[in-house]
Every structure is written in structure tokens, then in C-alpha cells.
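Chemist: This one is final_14.csv, CSV, C-alpha atoms.
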```csv
chain,number,residue,atom,x,y,z
E,116,MET,CA,9.8,-1.4,-10.7
E,117,THR,CA,7.6,-2.1,-13.7
E,118,SER,CA,6.6,-5.7,-14.7
E,119,VAL,CA,9.1,-5.4,-17.7
E,120,LYS,CA,12.0,-4.5,-15.4
E,121,ARG,CA,11.1,-7.4,-13.1
E,122,LEU,CA,11.2,-9.8,-16.0
E,123,VAL,CA,14.6,-8.5,-17.1
E,124,LEU,CA,16.0,-9.0,-13.6
E,125,LEU,CA,14.5,-12.5,-13.5
E,126,ALA,CA,16.1,-13.3,-16.9
E,127,LEU,CA,19.5,-12.1,-15.7
E,128,ALA,CA,19.2,-14.2,-12.5
E,129,CYS,CA,18.3,-17.3,-14.5
E,130,ALA,CA,21.0,-16.7,-17.0
E,131,ALA,CA,23.6,-16.8,-14.2
E,132,LEU,CA,22.6,-20.4,-13.4
E,133,PRO,CA,24.4,-23.2,-15.5
E,134,GLY,CA,22.0,-24.7,-18.0
E,135,ALA,CA,19.1,-22.5,-16.8
E,136,VAL,CA,16.3,-22.0,-19.2
E,137,LEU,CA,13.8,-19.1,-18.6
E,138,ALA,CA,10.2,-20.3,-19.2
E,139,ALA,CA,7.6,-17.9,-20.4
E,140,ASP,CA,5.8,-18.1,-17.0
E,141,ALA,CA,8.9,-18.5,-14.9
E,142,LYS,CA,8.9,-17.0,-11.4
E,143,PRO,CA,11.7,-16.4,-8.9
E,144,PHE,CA,12.5,-19.4,-6.8
E,145,LYS,CA,10.8,-19.1,-3.4
E,146,PRO,CA,11.1,-21.9,-1.0
E,147,LYS,CA,8.2,-22.9,1.1
E,148,LEU,CA,8.5,-20.9,4.3
E,149,ASP,CA,7.3,-22.1,7.6
E,150,PRO,CA,4.0,-20.5,8.7
E,151,PRO,CA,4.4,-17.5,10.9
E,152,ALA,CA,4.6,-18.4,14.6
E,153,ALA,CA,2.3,-16.8,17.2
E,154,ALA,CA,5.1,-14.2,18.0
E,155,ASP,CA,5.4,-13.2,14.3
E,156,TRP,CA,1.9,-11.6,14.2
E,157,ARG,CA,1.0,-7.9,14.9
E,158,THR,CA,-2.6,-6.8,15.6
E,159,VAL,CA,-3.5,-3.7,13.6
E,160,ASP,CA,-4.8,-0.8,15.6
E,161,PRO,CA,-8.5,-0.4,14.8
E,162,GLU,CA,-8.1,3.4,14.8
E,163,ASN,CA,-5.9,2.9,11.7
E,164,LEU,CA,-7.9,0.2,10.0
E,165,LEU,CA,-10.2,1.2,7.2
E,166,VAL,CA,-13.1,-1.1,6.4
E,167,ILE,CA,-14.3,-0.7,2.8
E,168,ASP,CA,-17.4,-2.7,2.0
E,169,THR,CA,-18.0,-2.9,-1.8
E,170,THR,CA,-20.4,-4.5,-4.2
E,171,LYS,CA,-17.6,-7.1,-4.8
E,172,GLY,CA,-16.8,-7.7,-1.1
E,173,ARG,CA,-14.8,-6.3,1.8
E,174,VAL,CA,-11.4,-4.6,1.7
E,175,LEU,CA,-9.3,-4.0,4.8
E,176,VAL,CA,-6.7,-1.3,4.6
E,177,GLU,CA,-4.1,-0.4,7.2
E,178,MET,CA,-3.6,3.3,7.3
E,179,VAL,CA,-0.1,4.5,8.2
E,180,PRO,CA,-0.1,8.1,9.6
E,181,GLU,CA,3.7,7.9,10.2
E,182,ILE,CA,4.2,8.5,6.5
E,183,ALA,CA,1.2,10.6,5.5
E,184,PRO,CA,-0.6,12.2,8.4
E,185,LEU,CA,-2.6,14.6,6.3
E,186,ALA,CA,-3.9,12.0,3.9
E,187,VAL,CA,-4.8,9.5,6.7
E,188,GLY,CA,-6.5,12.3,8.6
E,189,ARG,CA,-8.5,13.2,5.5
E,190,ILE,CA,-9.6,9.6,4.8
E,191,LYS,CA,-10.7,9.2,8.4
E,192,GLU,CA,-12.5,12.5,8.5
E,193,LEU,CA,-14.5,11.6,5.4
E,194,ALA,CA,-15.2,8.1,6.5
E,195,ARG,CA,-16.6,9.4,9.7
E,196,GLN,CA,-18.9,11.7,7.7
E,197,HIS,CA,-20.0,8.6,5.7
E,198,PHE,CA,-18.9,10.6,2.7
E,199,TYR,CA,-17.8,7.5,0.7
E,200,ASP,CA,-20.9,5.5,1.2
E,201,GLY,CA,-22.5,4.8,-2.2
E,202,LEU,CA,-19.6,6.3,-4.3
E,203,THR,CA,-18.2,4.4,-7.2
E,204,PHE,CA,-14.8,3.1,-8.4
E,205,HIS,CA,-15.0,5.2,-11.5
E,206,ARG,CA,-11.6,4.5,-12.9
E,207,VAL,CA,-10.3,0.9,-12.8
E,208,LEU,CA,-7.4,-0.2,-15.0
E,209,GLU,CA,-6.2,-3.7,-15.5
E,210,GLY,CA,-2.7,-4.2,-14.1
E,211,PHE,CA,-2.7,-0.8,-12.5
E,212,MET,CA,-5.2,0.5,-9.9
E,213,ALA,CA,-8.8,1.1,-8.9
E,214,GLN,CA,-9.8,4.7,-8.1
E,215,GLY,CA,-12.8,6.0,-6.3
E,216,GLY,CA,-14.1,8.6,-3.9
E,217,ASP,CA,-15.5,11.1,-6.3
E,218,PRO,CA,-19.1,12.2,-5.6
E,219,LYS,CA,-19.4,13.2,-9.3
E,220,GLY,CA,-18.3,9.8,-10.4
E,221,ASP,CA,-16.1,11.1,-13.3
E,222,GLY,CA,-12.8,12.0,-11.6
E,223,SER,CA,-13.4,15.7,-11.4
E,224,GLY,CA,-15.1,16.0,-8.0
E,225,GLY,CA,-14.1,16.1,-4.4
E,226,SER,CA,-15.4,17.0,-0.9
E,227,THR,CA,-16.2,20.4,0.4
E,228,LEU,CA,-13.0,20.2,2.5
E,229,PRO,CA,-9.9,22.1,1.4
E,230,ASP,CA,-7.3,20.3,-0.6
E,231,ILE,CA,-4.3,18.8,1.2
E,232,LYS,CA,-0.6,19.1,0.4
E,233,GLY,CA,1.1,16.2,-1.3
E,234,GLU,CA,3.1,13.9,1.1
E,235,PHE,CA,5.3,12.3,-1.6
E,236,THR,CA,8.3,12.0,0.8
E,237,PHE,CA,8.6,12.1,4.5
E,238,ARG,CA,11.4,12.4,7.1
E,239,ARG,CA,12.3,9.3,9.0
E,240,ASP,CA,14.1,9.1,12.3
E,241,PRO,CA,15.1,6.4,14.8
E,242,ALA,CA,11.7,6.7,16.5
E,243,THR,CA,9.8,5.7,13.3
E,244,PRO,CA,8.6,2.1,13.4
E,245,TYR,CA,10.9,1.2,10.5
E,246,ALA,CA,12.3,-2.3,9.5
E,247,MET,CA,15.1,-2.3,7.0
E,248,ILE,CA,15.1,-5.1,4.5
E,249,SER,CA,18.0,-4.3,2.3
E,250,SER,CA,20.7,-1.6,1.7
E,251,LYS,CA,22.7,-0.8,-1.4
E,252,ALA,CA,24.6,2.3,-2.6
E,253,GLY,CA,23.4,4.6,0.1
E,254,GLN,CA,19.7,3.7,-0.3
E,255,GLU,CA,17.6,1.4,1.8
E,256,ASP,CA,14.4,-0.6,1.3
E,257,GLY,CA,12.2,-1.5,4.2
E,258,PHE,CA,8.8,-1.3,5.8
E,259,ILE,CA,7.0,1.1,8.1
E,260,LYS,CA,4.3,-1.1,9.5
E,261,SER,CA,2.8,-2.8,6.4
E,262,VAL,CA,3.9,-0.2,3.8
E,263,ALA,CA,7.0,-0.7,1.7
E,264,VAL,CA,9.3,2.3,1.7
E,265,ARG,CA,12.6,3.3,0.1
E,266,GLY,CA,14.9,6.1,1.1
E,267,GLN,CA,18.3,7.3,2.2
E,268,SER,CA,20.5,5.2,4.4
E,269,SER,CA,19.7,5.4,8.1
E,270,GLU,CA,23.4,6.0,8.6
E,271,LEU,CA,23.1,9.5,7.1
E,272,ALA,CA,20.8,10.6,9.9
E,273,VAL,CA,23.8,11.7,12.1
E,274,MET,CA,24.8,14.1,9.4
E,275,THR,CA,21.5,15.9,8.9
E,276,ALA,CA,20.3,18.9,10.9
E,277,ASP,CA,17.1,17.3,12.1
E,278,GLY,CA,18.6,13.8,12.7
E,279,LYS,CA,16.3,12.4,10.0
E,280,VAL,CA,16.6,10.9,6.5
E,281,THR,CA,14.2,11.2,3.5
E,282,SER,CA,12.0,8.2,2.5
E,283,TRP,CA,9.0,7.6,0.3
E,284,GLY,CA,6.3,5.0,0.0
E,285,LEU,CA,6.4,2.4,-2.9
E,286,PHE,CA,3.5,1.6,-5.1
E,287,CYS,CA,3.5,-2.2,-4.6
E,288,THR,CA,0.4,-4.3,-5.2
E,289,GLY,CA,-2.0,-3.3,-2.5
E,290,THR,CA,-0.6,0.1,-1.8
E,291,ALA,CA,-3.3,2.8,-1.1
E,292,GLY,CA,-2.5,6.1,-2.6
E,293,MET,CA,-4.1,9.6,-2.8
E,294,ALA,CA,-5.4,10.8,-6.2
E,295,ARG,CA,-4.8,14.3,-7.3
E,296,SER,CA,-4.9,16.6,-10.4
E,297,GLN,CA,-1.8,18.2,-12.0
E,298,ASP,CA,-1.4,20.3,-8.9
E,299,PRO,CA,0.7,18.3,-6.5
E,300,ASP,CA,-1.2,19.8,-3.6
E,301,SER,CA,-4.7,18.9,-4.8
E,302,GLY,CA,-5.4,15.7,-2.9
E,303,ASN,CA,-9.0,15.8,-1.5
E,304,SER,CA,-11.3,12.8,-1.3
E,305,GLN,CA,-10.3,10.5,-4.2
E,306,PHE,CA,-7.9,7.6,-3.5
E,307,PHE,CA,-6.7,4.5,-5.4
E,308,LEU,CA,-5.8,0.9,-4.5
E,309,MET,CA,-3.0,-0.7,-6.5
E,310,ARG,CA,-3.7,-3.8,-8.5
E,311,ASP,CA,-0.1,-4.3,-9.5
E,312,TYR,CA,3.4,-2.8,-8.9
E,313,ASN,CA,4.2,0.6,-10.6
E,314,ASP,CA,7.3,2.5,-9.8
E,315,THR,CA,6.4,5.5,-12.0
E,316,LEU,CA,4.2,6.9,-9.2
E,317,GLU,CA,7.0,7.0,-6.7
E,318,LYS,CA,7.6,10.5,-5.2
E,319,ASN,CA,4.7,11.8,-7.4
E,320,TYR,CA,1.7,10.6,-5.3
E,321,THR,CA,1.0,10.1,-1.6
E,322,VAL,CA,1.1,6.6,-0.1
E,323,TRP,CA,-1.1,6.4,2.9
E,324,GLY,CA,-1.7,2.7,3.5
E,325,ARG,CA,-1.8,-0.9,2.3
E,326,VAL,CA,-4.5,-3.4,1.6
E,327,LEU,CA,-4.1,-6.3,4.1
E,328,VAL,CA,-7.2,-8.3,3.3
E,329,GLY,CA,-9.3,-8.2,0.1
E,330,GLU,CA,-6.7,-7.6,-2.7
E,331,ASP,CA,-8.8,-10.2,-4.6
E,332,VAL,CA,-11.8,-7.9,-4.2
E,333,VAL,CA,-9.8,-5.0,-5.6
E,334,LYS,CA,-8.7,-7.1,-8.6
E,335,ALA,CA,-12.4,-8.2,-9.2
E,336,LEU,CA,-13.7,-4.6,-9.5
E,337,LYS,CA,-15.2,-3.9,-12.9
E,338,ASN,CA,-12.7,-2.3,-15.3
E,339,GLY,CA,-13.1,0.8,-17.4
E,340,GLU,CA,-12.1,4.4,-17.9
E,341,PRO,CA,-14.8,5.4,-17.3
E,342,VAL,CA,-16.4,2.2,-15.9
E,343,ILE,CA,-19.9,1.4,-17.2
E,344,ASP,CA,-22.2,0.4,-14.4
E,345,PRO,CA,-19.2,0.6,-11.9
E,346,ASP,CA,-18.8,-1.2,-8.6
E,347,LYS,CA,-19.6,0.9,-5.5
E,348,MET,CA,-18.4,1.4,-1.9
E,349,THR,CA,-21.5,0.5,0.1
E,350,SER,CA,-19.8,1.5,3.4
E,351,VAL,CA,-16.5,2.9,4.4
E,352,ARG,CA,-15.7,3.1,8.2
E,353,VAL,CA,-12.8,3.4,10.5
E,354,ALA,CA,-12.8,0.0,12.4
E,355,ALA,CA,-12.6,1.7,15.8
E,356,ASP,CA,-16.0,3.4,15.1
E,357,LEU,CA,-17.8,0.2,14.6
E,358,PRO,CA,-19.7,-1.6,17.4
E,359,ALA,CA,-17.3,-3.9,19.2
E,360,ALA,CA,-19.0,-7.0,17.9
E,361,GLN,CA,-18.7,-5.8,14.3
E,362,GLN,CA,-15.0,-4.7,14.4
E,363,PRO,CA,-12.8,-6.9,12.3
E,364,LYS,CA,-9.6,-7.9,14.2
E,365,VAL,CA,-6.9,-8.0,11.7
E,366,GLN,CA,-3.4,-9.4,12.2
E,367,VAL,CA,-0.5,-9.0,9.8
E,368,VAL,CA,3.0,-10.4,10.0
E,369,ASP,CA,5.2,-8.0,11.9
E,370,THR,CA,7.7,-6.5,9.4
E,371,LYS,CA,10.2,-5.9,12.2
E,372,GLY,CA,10.3,-9.7,12.9
E,373,ALA,CA,12.5,-12.6,11.8
E,374,TRP,CA,9.8,-14.1,9.5
E,375,VAL,CA,9.8,-11.1,7.1
E,376,LYS,CA,13.6,-10.9,7.1
E,377,ASN,CA,13.8,-14.5,6.1
E,378,ALA,CA,11.1,-14.1,3.4
E,379,ALA,CA,13.0,-11.1,2.0
E,380,LYS,CA,16.0,-13.3,1.2
E,381,TYR,CA,14.1,-14.8,-1.7
E,382,ALA,CA,12.4,-11.7,-3.0
E,383,LEU,CA,13.5,-9.5,-6.0
E,384,ASP,CA,12.9,-6.4,-3.9
E,385,VAL,CA,10.8,-5.2,-1.0
E,386,CYS,CA,7.6,-5.2,-3.0
E,387,ASP,CA,8.0,-8.9,-3.6
E,388,VAL,CA,7.9,-9.7,0.1
E,389,GLU,CA,4.4,-11.1,0.7
E,390,LEU,CA,2.9,-10.1,4.1
E,391,PRO,CA,0.5,-12.7,5.4
E,392,ALA,CA,-2.6,-11.2,7.0
E,393,ARG,CA,-5.7,-12.6,8.6
E,394,VAL,CA,-9.0,-11.7,10.3
E,395,VAL,CA,-9.1,-13.5,13.6
E,396,ASN,CA,-12.7,-12.9,14.7
```
Taking this structure as input, can you express it in the form of C-alpha cells?

Modeler:
Amino acid sequence: MTSVKRLVLLALACAALPGAVLAADAKPFKPKLDPPAAADWRTVDPENLLVIDTTKGRVLVEMVPEIAPLAVGRIKELARQHFYDGLTFHRVLEGFMAQGGDPKGDGSGGSTLPDIKGEFTFRRDPATPYAMISSKAGQEDGFIKSVAVRGQSSELAVMTADGKVTSWGLFCTGTAGMARSQDPDSGNSQFFLMRDYNDTLEKNYTVWGRVLVGEDVVKALKNGEPVIDPDKMTSVRVAADLPAAQQPKVQVVDTKGAWVKNAAKYALDVCDVELPARVVN
């Protein structure tokens, strides 16, 4: 959903209230929620935590192989080669995303590894760690770990040959996606981190994770297309590969828990559900 669509929905919601006036900077009503309890938190697997140190600060991304195993495998492989160290965020657009991972620094380059297939949709079954948030007209919104997803109703699984339904990742603020050329199967080394919500990318680009900590860093990266004197990734590592004393321990609110379901009651859609996250060491 684009920002314009979201404002339209907000206007309609406000118009339904007697005497309501929509201010220019109005936001959906969100009551103050109780802080997550100890049981509401989930510790992120360090094998699926990407630590991106930049010239603006640290970004911590949860990788979700359940929805994009090829993309997650590629990011890990390159991180373990230290491929990303010193590369720039060469394309950074206000209200959109920050893109990096090109050794040429102009959007035309990649690694020496072969391109990977696009993973724009995936098949979900009851074994997938899925948390449904809402359902309407045969379509569901929910989460797989920290990534917001949309797809067919789970009830349809009993009618499919493989017992699964089709879903796809949403490009909410903080979503990590795989960059590509016009060829849908041209993902290689470049990736992007969303700075805002953009539904035009759905089912056209691969979602492989979500920024849990450091979205403020992503939004602070220098803008440009191309960027003049761009910010860099000084180090990109899989957390599990760092010495124990240097591994960030990240916790995020469990999307399968009651706290998120309660928060979802006051959100326009699944991308509006804010997921508290924290570093606990």
C-alpha cells in the first residue's frame, strides 16, 4: 500500500466518526500498549542475523530462509567471503529504499557467483512458522518470523495437491529485498533495505529479511541516484561467525504471540504493526 492509499483509508476511517476532522498530520488512533512481557520476546537465531556496520552506524537484519532460501544463502555466502566490506550504498532514495552490494558502485555489477532465481512467491504449509493477523476475501495477512507476508487463505491448503498455499513478502518499512535487472532471475549480490512502505514491489522482487535494529541508520544514509560520496558498509557478517563476545544478541517480539495480535487490532494493515526489538548484550 502506497502512502497515498494509506491516507485515503485514514480519511475514510475518520469520516465515519461523527464530527471527525482529519488534520493534515493525522495518524490512526493507536492506544498505548503495555510493554511486551518476558514471554513475548523471541531471540533471533545468530545464524540468521546479518550484522551490517556502516559509516552511519549498525543495522541488524533478520534473514528468513523459510521464504527465500536462495537469497538468504547468497547473502550469507558473500558475507562469509567478506565481499560486502567497503562497498557503498550507491542508490538511496528518500521515502523508498537504500541499495548497495555492487563492487562497481553504479548498479551494474555483481559477484562472480551465478545469478539466482527470483523468489517472489513461496509455498506455505502448516509447518511454516506462520502467524495470521487478518483474513478477508480468501486472502490472509500475517508474519513469518519478523517478515510481513500476504497470501492465499490457509483453509485452501486442503484443496491443493501439495497441501500448501501461495504467499509473498510485503515491502514494509525495514524489509530487506534482493535487487535485480529486468531479468526476474538476475539476483546476485545487490540488495536493498526499505525506508518506507511500497506495494508496487510485491511479487516482483524477492523479500529475504527485515531490519530489526537500525532503521534510523538506514534512513540516515546519504541520498542520491547516484549518491555523491556515498555511505559504505564497513563490515557485513553473519552474527554466528563473530567471536562470542562480539555477537549481538537480538530479541524481537514473537509475531505468534498475544502482544502482536493485540497490536494488530489498531493497525491499518500488517505493515503498520510495529515489532519491538532490542539488543540485550

Chemist: Looking at E:Val394, E:Val368, E:Cys386, E:Val273, which one is nearest to Ala154 in chain E, with distances taken over only C-alpha atoms?

Modeler: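 Using only C-alpha atoms, Ala154 in chain E sits closest to E:Val368.
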
Chemist: Just checking: using all atoms listed in the file, which residue out of E:Phe237, E:Tyr320, E:Trp374, E:Phe307 ends up closest to Asp155 in chain E?

Modeler: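 Closest residue, counting all atoms listed in the file: E:Trp374.
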
Chemist: Using only C-alpha atoms, find each residue in range 181-272 of chain E having at least one atom no more than 9 Å away from range 156-177 of chain E; report its shortest atom-to-atom pair and that distance in Å (one decimal), rows by chain then rising number, as a Markdown table.

Modeler:
```
| residue | atom | partner | partner_atom | distance |
| --- | --- | --- | --- | --- |
| E:Val187 | CA | E:Asn163 | CA | 8.4 |
| E:Ile190 | CA | E:Leu165 | CA | 8.8 |
| E:Lys191 | CA | E:Leu165 | CA | 8.1 |
| E:Ala194 | CA | E:Leu165 | CA | 8.5 |
| E:Asp200 | CA | E:Asp168 | CA | 9.0 |
| E:Gly201 | CA | E:Thr169 | CA | 8.9 |
| E:Lys260 | CA | E:Glu177 | CA | 8.7 |
| E:Ser261 | CA | E:Glu177 | CA | 7.3 |
| E:Val262 | CA | E:Glu177 | CA | 8.7 |
```

Chemist: Just the selected residues (C-alpha atoms), exported as a PDB file, in the coordinates of the input, please.

Modeler:
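To be explicit, this is the file written out as again21.pdb:
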```pdb
ATOM      1  CA  VAL E 187      -4.800   9.500   6.700  1.00  0.00           C
ATOM      2  CA  ILE E 190      -9.600   9.600   4.800  1.00  0.00           C
ATOM      3  CA  LYS E 191     -10.700   9.200   8.400  1.00  0.00           C
ATOM      4  CA  ALA E 194     -15.200   8.100   6.500  1.00  0.00           C
ATOM      5  CA  ASP E 200     -20.900   5.500   1.200  1.00  0.00           C
ATOM      6  CA  GLY E 201     -22.500   4.800  -2.200  1.00  0.00           C
ATOM      7  CA  LYS E 260       4.300  -1.100   9.500  1.00  0.00           C
ATOM      8  CA  SER E 261       2.800  -2.800   6.400  1.00  0.00           C
ATOM      9  CA  VAL E 262       3.900  -0.200   3.800  1.00  0.00           C
TER      10      VAL E 262
END
```

Chemist: Within 10 Å of (-12.7, -0.2, 17.0) (coordinates as in the file), grab all the protein and nucleic acid residues, counting all atoms listed in the file, and write them out as JSON, numbers by chain.

Modeler: {"E": [160, 161, 162, 163, 164, 352, 353, 354, 355, 356, 357, 358, 359, 360, 361, 362, 363, 364]}

Chemist: What is the distance, in Å and to one decimal place, between CA of Gly210 in chain E and CA of Pro299 in chain E?

Modeler: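 Between CA of Gly210 in chain E and CA of Pro299 in chain E the gap works out to 24.0 Å.
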
Chemist: Check the smallest atom-to-atom distance from each of E:Gly233, E:Gly292, E:Pro151, E:Gly215 to Leu316 in chain E using all atoms listed in the file, then report the winner.

Modeler: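 That would be E:Gly292, the residue with the smallest distance to Leu316 in chain E.
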
Chemist: In Å, with one decimal, what is the gap from CA of Phe306 in chain E to CA of Thr321 in chain E?

Modeler: 9.4 Å

Chemist: Using all atoms listed in the file, find all polymer residues with an atom at most 10 Å away from the point (14.2, 7.0, 14.5); report them as a short mmCIF file (atom, residue, chain, number, x, y, z; two decimals) with C-alpha atoms, keeping the file's coordinate frame.

Modeler:
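Final output, out30.cif:
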```
data_model
loop_
_atom_site.label_atom_id
_atom_site.label_comp_id
_atom_site.auth_asym_id
_atom_site.auth_seq_id
_atom_site.Cartn_x
_atom_site.Cartn_y
_atom_site.Cartn_z
CA ARG E 238 11.40 12.40 7.10
CA ARG E 239 12.30 9.30 9.00
CA ASP E 240 14.10 9.10 12.30
CA PRO E 241 15.10 6.40 14.80
CA ALA E 242 11.70 6.70 16.50
CA THR E 243 9.80 5.70 13.30
CA PRO E 244 8.60 2.10 13.40
CA TYR E 245 10.90 1.20 10.50
CA SER E 269 19.70 5.40 8.10
CA ALA E 272 20.80 10.60 9.90
CA GLY E 278 18.60 13.80 12.70
CA LYS E 279 16.30 12.40 10.00
CA VAL E 280 16.60 10.90 6.50
#
```

Chemist: How far is it from CA of Cys287 in chain E to CA of Ile259 in chain E, in Å with one decimal?

Modeler: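 These two atoms are separated by 13.6 Å.
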
Chemist: Need to verify the contact set: Leu228 in chain E, 9 Å, all atoms listed in the file, exclusion of same-chain residues closer than 2 positions in sequence. Can you return it as a ChimeraX atom specification?

Modeler: /E:189,225-226,230-231,303-304

Chemist: I want to know what sits within 7 Å of Ala291 in chain E, based on only C-alpha atoms, with residues of the same chain fewer than 4 positions away left out; could you give that as a list in words?

Modeler: Phe307, Leu308, Met309, Val322, Trp323, Gly324, Arg325 and Val326 of chain E

Chemist: Between E:Val365, E:Pro180, E:His197, E:Leu202, which has the minimum distance to Met348 in chain E (counting all atoms listed in the file)?

Modeler: E:Leu202

Chemist: Restricting the calculation to all atoms listed in the file, which member of E:Gly224, E:Gly284, E:Gly216, E:Gly372 is positioned closest to Asn313 in chain E?

Modeler: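 Ranked by minimum distance to Asn313 in chain E, first place goes to E:Gly284.
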
Chemist: Looking at E:Gln196, E:Pro345, E:Leu390, E:Ala263, which one is nearest to Asn377 in chain E, with distances taken over all atoms listed in the file?

Modeler: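 Comparing E:Gln196, E:Pro345, E:Leu390, E:Ala263 against Asn377 in chain E, the winner is E:Leu390.
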